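Text of upload-v3.csv (CSV, C-alpha atoms) as supplied:
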```csv
chain,number,residue,atom,x,y,z
A,80,MET,CA,11.8,41.7,-10.1
A,81,PHE,CA,13.3,45.1,-9.5
A,82,LEU,CA,12.0,47.4,-6.8
A,83,CYS,CA,11.6,51.1,-6.5
A,84,PRO,CA,13.7,52.9,-3.9
A,85,GLU,CA,12.6,52.2,-0.3
A,86,ASN,CA,12.1,55.8,0.6
A,87,ASP,CA,11.8,59.1,-1.1
A,88,ASP,CA,14.9,60.8,0.4
A,89,GLN,CA,17.2,58.0,-0.9
A,90,LYS,CA,19.4,59.3,-3.7
A,91,SER,CA,18.4,57.6,-6.8
A,92,THR,CA,18.8,57.8,-10.6
A,93,ALA,CA,16.0,55.4,-11.2
A,94,SER,CA,12.2,55.7,-11.0
A,95,CYS,CA,9.5,53.2,-10.9
A,96,THR,CA,9.2,53.3,-14.6
A,97,ASN,CA,12.9,52.7,-15.4
A,98,ASN,CA,15.1,49.7,-14.9
A,99,PRO,CA,17.7,50.4,-12.2
A,100,LYS,CA,21.4,49.7,-13.0
A,101,SER,CA,22.7,49.4,-9.4
A,102,ILE,CA,21.0,47.6,-6.6
A,103,ILE,CA,22.0,46.9,-3.0
A,104,LEU,CA,20.3,44.1,-1.2
A,105,THR,CA,20.6,43.9,2.6
A,106,GLY,CA,19.5,41.4,5.2
A,107,LYS,CA,20.7,40.0,8.5
A,108,ALA,CA,22.8,36.9,8.7
A,109,GLY,CA,21.0,33.7,7.6
A,110,ILE,CA,18.0,35.5,6.2
A,111,GLY,CA,18.5,34.1,2.7
A,112,LYS,CA,20.5,36.6,0.7
A,113,TYR,CA,22.5,34.0,-1.1
A,114,LEU,CA,19.5,31.9,-1.8
A,115,PHE,CA,17.8,34.9,-3.3
A,116,CYS,CA,20.8,35.6,-5.5
A,117,HIS,CA,21.0,32.0,-6.6
A,118,LYS,CA,17.2,31.9,-7.3
A,119,MET,CA,17.7,35.0,-9.6
A,120,VAL,CA,20.3,33.1,-11.6
A,121,ARG,CA,18.1,30.0,-11.7
A,122,ASP,CA,15.0,32.1,-12.9
A,123,TRP,CA,17.1,33.8,-15.5
A,124,SER,CA,18.4,30.5,-16.9
A,125,HIS,CA,14.7,29.3,-17.3
A,126,ASN,CA,13.5,32.7,-18.7
A,127,ARG,CA,11.5,33.4,-15.6
A,128,LEU,CA,13.4,36.3,-14.1
A,129,PHE,CA,10.7,38.9,-14.8
A,130,GLU,CA,7.1,38.6,-13.7
A,131,GLU,CA,4.3,37.5,-16.0
A,132,GLY,CA,2.6,40.3,-17.8
A,133,GLN,CA,5.9,42.2,-18.3
A,134,GLU,CA,6.3,40.8,-21.8
A,135,ASN,CA,5.4,44.1,-23.4
A,136,ALA,CA,7.3,46.2,-20.8
A,137,LYS,CA,10.8,47.4,-21.4
A,138,VAL,CA,12.8,44.9,-19.4
A,139,PRO,CA,16.6,44.1,-19.6
A,140,ASP,CA,17.6,41.6,-22.1
A,141,PHE,CA,20.3,39.8,-20.1
A,142,ARG,CA,22.4,37.5,-22.2
A,143,PHE,CA,25.0,36.9,-19.5
A,144,VAL,CA,24.7,36.6,-15.7
A,145,PHE,CA,27.7,36.3,-13.4
A,146,LEU,CA,27.6,35.4,-9.7
A,147,LEU,CA,30.7,36.4,-7.8
A,148,LYS,CA,31.2,35.8,-4.1
A,149,PHE,CA,33.2,38.4,-2.3
A,150,ARG,CA,34.9,35.8,0.0
A,151,GLN,CA,36.3,34.2,-3.2
A,152,LEU,CA,37.8,37.5,-4.2
A,153,VAL,CA,39.9,38.0,-1.0
A,154,LEU,CA,43.3,37.6,-2.6
A,155,PRO,CA,46.8,38.6,-1.8
A,156,GLU,CA,47.3,42.4,-2.1
A,157,GLU,CA,49.9,41.9,-4.8
A,158,LYS,CA,47.4,39.9,-6.9
A,159,SER,CA,46.1,41.8,-10.0
A,160,LEU,CA,43.3,40.8,-12.4
A,161,ASN,CA,41.6,42.3,-15.4
A,162,LEU,CA,37.9,42.1,-16.3
A,163,HIS,CA,38.4,38.8,-18.1
A,164,ASP,CA,40.1,37.2,-15.1
A,165,ILE,CA,37.4,38.3,-12.6
A,166,LEU,CA,34.4,37.3,-14.7
A,167,ASN,CA,35.9,33.9,-15.2
A,168,ARG,CA,35.9,33.4,-11.4
A,169,SER,CA,32.1,33.3,-11.4
A,170,SER,CA,30.8,30.2,-9.6
A,171,LEU,CA,28.4,29.6,-12.5
A,172,LEU,CA,31.2,28.8,-15.0
A,173,ASN,CA,33.0,25.6,-15.7
A,174,GLU,CA,35.7,24.5,-18.1
A,175,HIS,CA,33.2,24.4,-20.9
A,176,SER,CA,31.9,28.0,-20.4
A,177,VAL,CA,34.9,30.2,-19.8
A,178,ILE,CA,35.0,33.6,-21.5
A,179,ASP,CA,37.3,34.0,-24.5
A,180,GLU,CA,38.5,37.3,-25.9
A,181,PRO,CA,35.8,37.8,-28.7
A,182,LEU,CA,33.1,37.1,-26.1
A,183,LEU,CA,34.7,39.5,-23.6
A,184,GLN,CA,34.8,42.2,-26.3
A,185,TYR,CA,31.1,41.7,-27.0
A,186,MET,CA,30.3,42.2,-23.3
A,187,ILE,CA,32.5,45.4,-23.2
A,188,GLU,CA,30.6,46.8,-26.2
A,189,ASN,CA,27.2,45.7,-24.9
A,190,PRO,CA,27.3,46.0,-21.1
A,191,GLU,CA,23.5,46.3,-20.9
A,192,LYS,CA,23.4,42.6,-21.7
A,193,LEU,CA,25.0,41.8,-18.3
A,194,LEU,CA,23.7,41.1,-14.8
A,195,ILE,CA,26.6,40.9,-12.3
A,196,ILE,CA,25.7,39.7,-8.8
A,197,LEU,CA,28.4,40.4,-6.1
A,198,ASP,CA,27.3,38.4,-3.1
A,199,GLY,CA,28.5,39.0,0.5
A,200,TYR,CA,30.1,42.4,0.7
A,201,ASN,CA,30.4,42.0,4.4
A,202,GLU,CA,32.8,39.1,3.9
A,203,TYR,CA,35.4,41.2,2.1
A,204,ASN,CA,37.0,42.0,5.4
A,205,THR,CA,40.1,44.4,5.3
A,206,HIS,CA,39.7,45.3,1.6
A,207,ARG,CA,36.3,47.1,2.0
A,208,GLU,CA,37.8,50.6,2.6
A,209,LYS,CA,39.5,50.3,-0.9
A,210,ILE,CA,36.0,50.1,-2.4
A,211,THR,CA,34.4,52.9,-0.5
A,212,GLY,CA,37.3,55.3,-1.0
A,213,ASP,CA,39.0,56.5,-4.1
A,214,PHE,CA,41.6,53.7,-4.4
A,215,GLU,CA,40.4,52.7,-7.9
A,216,THR,CA,41.2,56.2,-9.2
A,217,ARG,CA,44.9,55.3,-9.2
A,218,TYR,CA,44.4,52.9,-12.0
A,219,PRO,CA,43.0,53.1,-15.6
A,220,ASN,CA,39.5,52.2,-16.5
A,221,ASP,CA,40.8,49.9,-19.2
A,222,PRO,CA,39.1,46.4,-18.8
A,223,HIS,CA,42.1,44.7,-20.3
A,224,GLU,CA,44.6,46.2,-17.8
A,225,LYS,CA,45.5,44.1,-14.8
A,226,ILE,CA,44.9,46.0,-11.6
A,227,PRO,CA,44.4,45.2,-7.9
A,228,VAL,CA,41.2,43.3,-7.3
A,229,PRO,CA,39.6,45.9,-4.9
A,230,ALA,CA,40.1,48.5,-7.5
A,231,LEU,CA,38.6,46.3,-10.2
A,232,ILE,CA,35.5,45.6,-8.0
A,233,ALA,CA,35.1,49.3,-7.2
A,234,LYS,CA,35.2,50.2,-10.9
A,235,ILE,CA,32.5,47.7,-11.7
A,236,MET,CA,30.3,48.8,-8.7
A,237,LYS,CA,30.7,52.5,-9.5
A,238,GLY,CA,30.1,52.1,-13.3
A,239,LYS,CA,33.6,53.1,-14.3
A,240,MET,CA,33.8,49.7,-16.1
A,241,LEU,CA,30.9,48.0,-17.9
A,242,ASN,CA,28.9,51.1,-17.5
A,243,GLY,CA,25.3,50.1,-18.4
A,244,ALA,CA,25.4,46.6,-16.8
A,245,VAL,CA,23.0,45.9,-13.9
A,246,ILE,CA,25.0,45.4,-10.7
A,247,LEU,CA,23.5,43.8,-7.6
A,248,ILE,CA,25.4,43.7,-4.3
A,249,SER,CA,24.3,41.8,-1.3
A,250,SER,CA,25.5,42.5,2.3
A,251,ARG,CA,24.5,42.5,5.9
A,252,PRO,CA,23.0,45.9,6.9
A,253,GLY,CA,25.9,47.1,9.1
A,254,GLU,CA,28.6,46.7,6.5
A,255,ALA,CA,26.2,48.0,3.8
A,256,GLU,CA,26.2,51.4,5.6
A,257,GLU,CA,29.9,51.8,4.4
A,258,LEU,CA,28.5,52.0,0.9
A,259,ASN,CA,26.3,55.1,1.6
A,260,GLU,CA,28.6,57.3,-0.5
A,261,ILE,CA,27.9,55.2,-3.5
A,262,VAL,CA,24.7,56.1,-5.2
A,263,PHE,CA,22.5,53.0,-5.8
A,264,ASP,CA,19.4,53.2,-7.9
A,265,VAL,CA,17.6,50.9,-5.5
A,266,ARG,CA,18.2,49.8,-1.9
A,267,CYS,CA,16.1,47.0,-0.6
A,268,ASP,CA,16.1,44.8,2.5
A,269,ILE,CA,15.0,41.2,3.0
A,270,GLN,CA,13.0,41.3,6.3
A,271,VAL,CA,11.8,37.8,6.7
A,272,LEU,CA,12.1,34.7,4.6
A,273,PHE,CA,10.0,31.7,5.9
A,274,LEU,CA,9.4,29.8,2.7
A,275,LEU,CA,11.4,28.6,-0.3
A,276,LEU,CA,9.4,27.6,-3.4
A,277,LEU,CA,11.4,26.1,-6.2
A,278,VAL,CA,8.7,24.2,-8.1
A,279,VAL,CA,9.3,22.8,-11.6
A,280,CYS,CA,12.7,24.4,-11.8
A,281,GLU,CA,14.6,21.4,-13.3
A,282,LEU,CA,16.6,21.1,-10.1
A,283,ASP,CA,18.8,18.1,-9.8
A,284,ASP,CA,20.8,16.6,-6.9
A,285,GLU,CA,23.7,19.0,-7.4
A,286,CYS,CA,21.3,22.0,-7.1
A,287,VAL,CA,19.8,20.4,-4.0
A,288,LYS,CA,23.3,20.4,-2.4
A,289,ILE,CA,23.8,24.1,-3.1
A,290,ILE,CA,20.4,24.9,-1.5
A,291,CYS,CA,20.9,22.6,1.5
A,292,ASP,CA,24.3,24.2,2.3
A,293,MET,CA,22.5,27.5,3.0
A,294,LEU,CA,19.2,26.4,4.6
A,295,PRO,CA,20.6,25.8,8.2
A,296,ARG,CA,21.4,29.5,8.4
A,297,THR,CA,17.9,30.6,7.5
A,298,ASN,CA,14.5,30.9,9.1
A,299,ILE,CA,12.7,28.9,6.4
A,300,THR,CA,9.9,26.7,7.6
A,301,LEU,CA,8.4,25.6,4.3
A,302,LEU,CA,10.6,23.9,1.6
A,303,GLU,CA,8.7,23.1,-1.6
A,304,LEU,CA,10.7,21.3,-4.3
A,305,ASP,CA,7.9,19.7,-6.3
A,306,GLY,CA,8.3,18.8,-10.0
A,307,ASN,CA,12.1,18.6,-10.2
A,308,TYR,CA,14.7,15.9,-11.0
A,309,ILE,CA,15.5,15.0,-7.4
A,310,THR,CA,16.6,11.4,-6.9
A,311,ASP,CA,17.3,9.3,-3.8
A,312,VAL,CA,20.7,10.9,-3.7
A,313,GLY,CA,19.1,14.3,-3.3
A,314,VAL,CA,16.8,13.0,-0.6
A,315,LYS,CA,19.8,11.9,1.4
A,316,ILE,CA,21.3,15.4,1.1
A,317,ILE,CA,18.0,16.9,2.2
A,318,CYS,CA,17.6,14.5,5.1
A,319,ASP,CA,21.1,15.1,6.4
A,320,MET,CA,20.4,18.9,6.5
A,321,LEU,CA,16.8,18.9,8.0
A,322,PRO,CA,17.6,18.3,11.7
A,323,ARG,CA,19.7,21.5,11.6
A,324,THR,CA,16.8,23.6,10.3
A,325,LYS,CA,13.5,25.0,11.3
A,326,ILE,CA,11.6,23.4,8.4
A,327,THR,CA,8.2,21.9,9.3
A,328,ASP,CA,6.7,21.5,5.8
A,329,LEU,CA,8.6,19.5,3.2
A,330,CYS,CA,7.2,19.0,-0.3
A,331,LEU,CA,9.0,16.6,-2.7
A,332,ALA,CA,6.1,15.6,-5.0
A,333,ALA,CA,6.7,14.6,-8.6
A,334,ASN,CA,10.4,13.9,-8.4
A,335,ASN,CA,12.3,10.6,-8.9
A,336,ILE,CA,12.1,9.2,-5.4
A,337,THR,CA,11.9,5.4,-4.9
A,338,ASP,CA,11.7,3.2,-1.8
A,339,VAL,CA,15.4,3.8,-1.2
A,340,GLY,CA,14.8,7.5,-0.6
A,341,ASP,CA,11.6,6.7,1.3
A,342,ARG,CA,13.7,4.6,3.7
A,343,ILE,CA,16.1,7.5,4.2
A,344,ILE,CA,13.2,9.7,5.0
A,345,CYS,CA,11.8,7.2,7.5
A,346,ASP,CA,15.1,7.2,9.4
A,347,MET,CA,15.2,11.0,9.3
A,348,LEU,CA,11.7,11.9,10.5
A,349,PRO,CA,12.0,11.4,14.2
A,350,ARG,CA,15.0,13.7,14.3
A,351,THR,CA,13.2,16.7,12.6
A,352,LYS,CA,10.4,19.2,13.1
A,353,ILE,CA,8.5,18.0,10.0
A,354,THR,CA,4.7,18.0,10.4
A,355,THR,CA,3.8,17.9,6.8
A,356,LEU,CA,5.4,15.7,4.2
A,357,ALA,CA,4.3,15.6,0.5
A,358,LEU,CA,5.7,12.7,-1.6
A,359,GLY,CA,3.0,12.3,-4.2
A,360,GLY,CA,3.8,11.4,-7.8
A,361,ASN,CA,7.0,9.6,-7.1
A,362,TYR,CA,8.0,5.9,-7.4
A,363,ILE,CA,7.2,4.7,-3.9
A,364,THR,CA,5.7,1.1,-3.6
A,365,ASP,CA,3.9,-0.8,-0.9
A,366,VAL,CA,7.2,-1.3,0.9
A,367,GLY,CA,7.9,2.4,1.2
A,368,ALA,CA,4.4,3.3,2.2
A,369,GLN,CA,4.4,0.7,4.9
A,370,CYS,CA,7.7,1.9,6.2
A,371,LEU,CA,6.5,5.5,6.5
A,372,CYS,CA,3.3,4.5,8.2
A,373,SER,CA,5.3,2.5,10.7
A,374,VAL,CA,7.1,5.6,11.7
A,375,LEU,CA,3.9,7.6,12.2
A,376,ILE,CA,3.0,5.6,15.3
A,377,ARG,CA,6.2,6.5,17.1
A,378,ASP,CA,6.0,9.0,19.9
A,379,ASP,CA,9.0,11.0,18.6
A,380,CYS,CA,7.4,11.5,15.1
A,381,ARG,CA,5.7,14.9,14.7
A,382,LEU,CA,4.1,14.2,11.3
A,383,GLU,CA,0.5,15.3,11.0
A,384,VAL,CA,0.0,15.2,7.2
A,385,LEU,CA,1.4,12.5,4.9
A,386,ASP,CA,0.6,12.7,1.1
A,387,LEU,CA,1.5,9.6,-0.9
A,388,GLN,CA,-1.0,10.0,-3.7
A,389,SER,CA,-0.1,8.9,-7.3
A,390,ASN,CA,2.7,6.5,-6.4
A,391,ASP,CA,3.2,2.8,-7.2
A,392,ILE,CA,1.1,1.6,-4.2
A,393,THR,CA,-1.4,-1.2,-4.7
A,394,SER,CA,-5.0,-0.9,-3.9
A,395,GLU,CA,-4.7,-3.6,-1.3
A,396,CYS,CA,-1.9,-1.7,0.5
A,397,LYS,CA,-3.9,1.6,0.3
A,398,LEU,CA,-6.9,0.0,1.9
A,399,SER,CA,-4.8,-1.6,4.6
A,400,LEU,CA,-3.1,1.6,5.6
A,401,ARG,CA,-6.4,3.6,5.6
A,402,GLN,CA,-7.9,1.1,8.0
A,403,GLN,CA,-5.1,1.7,10.5
A,404,GLN,CA,-6.4,5.2,11.2
A,405,ILE,CA,-3.4,6.5,13.0
A,406,PRO,CA,-4.5,9.1,15.6
A,407,GLY,CA,-3.6,12.7,14.8
A,408,VAL,CA,-2.4,11.9,11.3
A,409,LYS,CA,-4.0,12.8,8.0
A,410,LEU,CA,-3.0,10.2,5.4
A,411,LEU,CA,-3.6,10.9,1.7
A,412,ILE,CA,-2.9,7.8,-0.3
```

Let me see the file written as structure tokens.
Amino acid sequence: MFLCPENDDQKSTASCTNNPKSIILTGKAGIGKYLFCHKMVRDWSHNRLFEEGQENAKVPDFRFVFLLKFRQLVLPEEKSLNLHDILNRSSLLNEHSVIDEPLLQYMIENPEKLLIILDGYNEYNTHREKITGDFETRYPNDPHEKIPVPALIAKIMKGKMLNGAVILISSRPGEAEELNEIVFDVRCDIQVLFLLLLVVCELDDECVKIICDMLPRTNITLLELDGNYITDVGVKIICDMLPRTKITDLCLAANNITDVGDRIICDMLPRTKITTLALGGNYITDVGAQCLCSVLIRDDCRLEVLDLQSNDITSECKLSLRQQQIPGVKLLI
């Protein structure tokens, strides 16, 4: 999960055998930085953050993960927060998971149990110079004290507060150069992200919405969401997003898709770049299969591979569709 420094002359307090405590992740606009951060959170929640084979290695035992977006921390200059306030602004929390004082005290005493992701440094606009300078030195390091938000962020980033927690900051490359005076254990860059694989991740329709909000700004061409809890509602969200993306391969096998979602897909296909569509292991019947195959013969449909295996399609319908032999299309049914 964590990488060694990208070059030998980079100042670093970590080595390949140690776990870094401060990481800066860079990548150009739309490359998938937020998706990467969100996937880290999702992997942690399912105990898959670290690679297989690391069970016996010394890896962080994160008990708490917070995802904070810089753009949500752009507050009036007179606004002051303490550690409790800022952590409760994490987008991962709801009214049932807010931090109370005993829990906060545990975090303060055990910072190594925390992973804090600060996403989108480039979106912090006019407040960035207060992070890169010494603005935070005007205020105490007391986590209970309310201080200006830029000072609080700087103290967390520089290890003056929650020292021992793992801090990951994401940013576009240009703005990240402003942070060169801050020593990060690891600096890494997302070069290209062409595929997104979220297989058997217990994703539901709400998760799909979060993912689809980001995809139009990426270069992803393969989206694989097999083995989740996506329903026809999630299919509608995906189909509304697809025409604005570069996605050519869509895999939605083993979800909870019925003929209703199938119909939505049929209406969407001619408006997309989709060439491969995998819908095996859902609840599609003869009606849905016939609908999809009727779209395949259209001149504005680019589909080359359609997988409908292990659905609720009768043998008679399968035979009929195979006999159609649609030119240029591989039908798996």

Find the residues near Leu411 of chain A: any atom within 9 Å, counting only C-alpha atoms, skip ones fewer than 4 places away on the same chain, and give them as an mmCIF file with C-alpha atoms, in the coordinates of the input.
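File written: around_11.cif
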```cif
data_model
loop_
_atom_site.group_PDB
_atom_site.id
_atom_site.type_symbol
_atom_site.label_atom_id
_atom_site.label_comp_id
_atom_site.auth_asym_id
_atom_site.auth_seq_id
_atom_site.Cartn_x
_atom_site.Cartn_y
_atom_site.Cartn_z
ATOM 1 C CA GLY A 359 3.000 12.300 -4.200
ATOM 2 C CA VAL A 384 0.000 15.200 7.200
ATOM 3 C CA LEU A 385 1.400 12.500 4.900
ATOM 4 C CA ASP A 386 0.600 12.700 1.100
ATOM 5 C CA LEU A 387 1.500 9.600 -0.900
ATOM 6 C CA GLN A 388 -1.000 10.000 -3.700
ATOM 7 C CA ARG A 401 -6.400 3.600 5.600
#
```

**Report entry** Using all atoms listed in the file: which of A:Val262, A:Arg350, A:Pro190, A:Pro181 has the shortest distance to Thr211 of chain A
**Finding:** A:Val262

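Counting all atoms listed in the file, Val278 of chain A has the following residues at most 8 Å away, ignoring those fewer than 2 positions along the same chain: Leu276, Cys280, Glu303, Leu304, Asp305, Gly306 and Asn307 of chain A.
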
Query raised in the report: Can you list, as a ChimeraX atom specification, every protein, DNA or RNA residue that comes within 7 Å of Met240 of chain A when you count all atoms listed in the file, leaving out same-chain residues fewer than 3 positions away?
Result: /A:220,222,234-235

For C-alpha atoms, I'd like the residues from the last selection saved as a short mmCIF file (atom, residue, chain, number, x, y, z; two decimals), keeping the file's coordinate frame.
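Result written to selection-v9.cif:
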```cif
data_model
loop_
_atom_site.label_atom_id
_atom_site.label_comp_id
_atom_site.auth_asym_id
_atom_site.auth_seq_id
_atom_site.Cartn_x
_atom_site.Cartn_y
_atom_site.Cartn_z
CA ASN A 220 39.50 52.20 -16.50
CA PRO A 222 39.10 46.40 -18.80
CA LYS A 234 35.20 50.20 -10.90
CA ILE A 235 32.50 47.70 -11.70
#
```

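For the set A:Asp328, A:Asp379, A:Asp213, A:Glu156, the residue with the smallest atom-to-atom gap to Ile261 of chain A is A:Asp213, counting all atoms listed in the file.
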
Query raised in the report: So which one's closest to Pro219 of chain A, A:Phe273, A:Pro322, A:Asn161, A:Leu193? Using only C-alpha atoms, please.
Result: A:Asn161

Query raised in the report: Hey, what's within 6 Å of segment 200-208 of chain A if we count all atoms listed in the file and toss same-chain stuff fewer than 4 positions away? As a PyMOL selection string, please?
Result: chain A and resi 149-150+212+250+254

Now that the selection is made, can you save its residues with C-alpha atoms as a PDB file, in the coordinates of the input?
```pdb
ATOM      1  CA  PHE A 149      33.200  38.400  -2.300  1.00  0.00           C
ATOM      2  CA  ARG A 150      34.900  35.800   0.000  1.00  0.00           C
ATOM      3  CA  GLY A 212      37.300  55.300  -1.000  1.00  0.00           C
ATOM      4  CA  SER A 250      25.500  42.500   2.300  1.00  0.00           C
ATOM      5  CA  GLU A 254      28.600  46.700   6.500  1.00  0.00           C
TER       6      GLU A 254
END
```

Query raised in the report: Any idea what's packed within 9 Å of Val287 of chain A, counting all atoms listed in the file, ignoring anything in its chain fewer than 3 positions away? Could you give it as a list of chain:residue names?
Result: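 Result of the neighbour search: A:Leu282, A:Asp283, A:Asp284, A:Ile290, A:Cys291, A:Asp292, A:Ile309, A:Gly313, A:Val314, A:Ile316, A:Ile317.
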
Save the residues we just selected, C-alpha atoms, as a CSV table (one decimal), in the frame of the given file?
```
chain,number,residue,atom,x,y,z
A,282,LEU,CA,16.6,21.1,-10.1
A,283,ASP,CA,18.8,18.1,-9.8
A,284,ASP,CA,20.8,16.6,-6.9
A,290,ILE,CA,20.4,24.9,-1.5
A,291,CYS,CA,20.9,22.6,1.5
A,292,ASP,CA,24.3,24.2,2.3
A,309,ILE,CA,15.5,15.0,-7.4
A,313,GLY,CA,19.1,14.3,-3.3
A,314,VAL,CA,16.8,13.0,-0.6
A,316,ILE,CA,21.3,15.4,1.1
A,317,ILE,CA,18.0,16.9,2.2
```

Report task. Tell me which of A:Asn242, A:Gln184, A:Thr351, A:Ser394 sits closest to Ala368 of chain A, counting all atoms listed in the file. Result ->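 Distance minimum relative to Ala368 of chain A lands on A:Ser394.
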
Report task. Choose the residue, out of A:Ile187, A:Val153, A:Leu321, A:Leu166, that has the smallest atom-to-atom separation from Arg296 of chain A; count only C-alpha atoms. Result ->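 Nearest to Arg296 of chain A: A:Leu321.
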
Query raised in the report: Quick one: of A:Leu329, A:Leu371, A:Lys315, A:Ile392, who's nearest to Ile405 of chain A, counting all atoms listed in the file?
Result: A:Leu371

Requested in this report: Find the distance between atom CA of Pro349 of chain A and atom CA of Cys380 of chain A and write it in Å to one decimal.
Outcome: 4.7 Å

**Report entry** Gap from atom CA of Ala255 of chain A to atom CA of Met236 of chain A - Å, one decimal
**Finding:** 13.2 Å

Query raised in the report: Any idea what the distance is between atom CA of Gly199 of chain A and atom CA of Pro139 of chain A?
Result: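 Atom-to-atom, atom CA of Gly199 of chain A to atom CA of Pro139 of chain A, that is 23.9 Å.
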
Please produce, as a Markdown table, a per-residue contact table for segment 172-237 of chain A versus segment 100-111 of chain A (criterion: any atom at most 10 Å away, all atoms listed in the file considered), showing the nearest atom pair and its distance in Å to one decimal, sorted by chain then residue number.
```
| residue | atom | partner | partner_atom | distance |
| --- | --- | --- | --- | --- |
| A:Glu191 | CA | A:Lys100 | CA | 8.9 |
| A:Leu194 | CA | A:Lys100 | CA | 9.1 |
| A:Ile195 | CA | A:Ser101 | CA | 9.8 |
| A:Ile196 | CA | A:Ile102 | CA | 9.5 |
| A:Leu197 | CA | A:Ile103 | CA | 9.6 |
| A:Asp198 | CA | A:Leu104 | CA | 9.2 |
| A:Gly199 | CA | A:Thr105 | CA | 9.5 |
| A:Tyr200 | CA | A:Thr105 | CA | 9.8 |
| A:Met236 | CA | A:Ser101 | CA | 7.7 |
| A:Lys237 | CA | A:Ser101 | CA | 8.6 |
```

Starting from the structure just given, write a file holding segment 138-183 of chain A with C-alpha atoms, as a compact mmCIF listing (two decimals), in the first residue's frame.
```txt
# COMPACT_ATOMS: atom_id res chain seq x y z
CA VAL A 138 1.85 -2.80 9.31
CA PRO A 139 -0.18 0.01 10.89
CA ASP A 140 -3.15 -1.06 12.97
CA PHE A 141 -5.56 1.68 11.93
CA ARG A 142 -8.65 1.86 14.10
CA PHE A 143 -9.84 5.20 12.71
CA VAL A 144 -9.74 6.67 9.20
CA PHE A 145 -10.80 10.24 8.41
CA LEU A 146 -11.28 11.70 4.93
CA LEU A 147 -11.25 15.51 4.92
CA LYS A 148 -11.64 17.56 1.76
CA PHE A 149 -9.74 20.83 1.68
CA ARG A 150 -12.54 22.60 -0.17
CA GLN A 151 -14.86 21.87 2.76
CA LEU A 152 -12.35 23.49 5.10
CA VAL A 153 -12.36 26.85 3.33
CA LEU A 154 -14.05 28.76 6.13
CA PRO A 155 -14.21 32.45 7.16
CA GLU A 156 -10.91 33.70 8.57
CA GLU A 157 -12.49 34.36 11.96
CA LYS A 158 -13.68 30.75 12.22
CA SER A 159 -11.75 28.69 14.77
CA LEU A 160 -11.91 24.95 15.39
CA ASN A 161 -10.23 22.41 17.62
CA LEU A 162 -9.22 18.85 16.79
CA HIS A 163 -12.62 17.48 17.79
CA ASP A 164 -14.39 19.93 15.46
CA ILE A 165 -12.25 19.26 12.40
CA LEU A 166 -12.32 15.47 12.67
CA ASN A 167 -16.10 15.57 12.97
CA ARG A 168 -16.17 17.27 9.56
CA SER A 169 -14.95 14.08 7.90
CA SER A 170 -17.24 13.09 5.02
CA LEU A 171 -17.20 9.51 6.35
CA LEU A 172 -19.12 10.38 9.50
CA ASN A 173 -22.84 10.74 10.11
CA GLU A 174 -25.04 11.52 13.09
CA HIS A 175 -24.45 8.00 14.45
CA SER A 176 -20.66 8.11 14.30
CA VAL A 177 -19.60 11.49 15.67
CA ILE A 178 -16.62 11.65 17.99
CA ASP A 179 -17.31 12.15 21.69
CA GLU A 180 -14.74 13.38 24.22
CA PRO A 181 -13.62 9.96 25.57
CA LEU A 182 -13.02 8.72 22.02
CA LEU A 183 -11.11 11.88 21.13
```
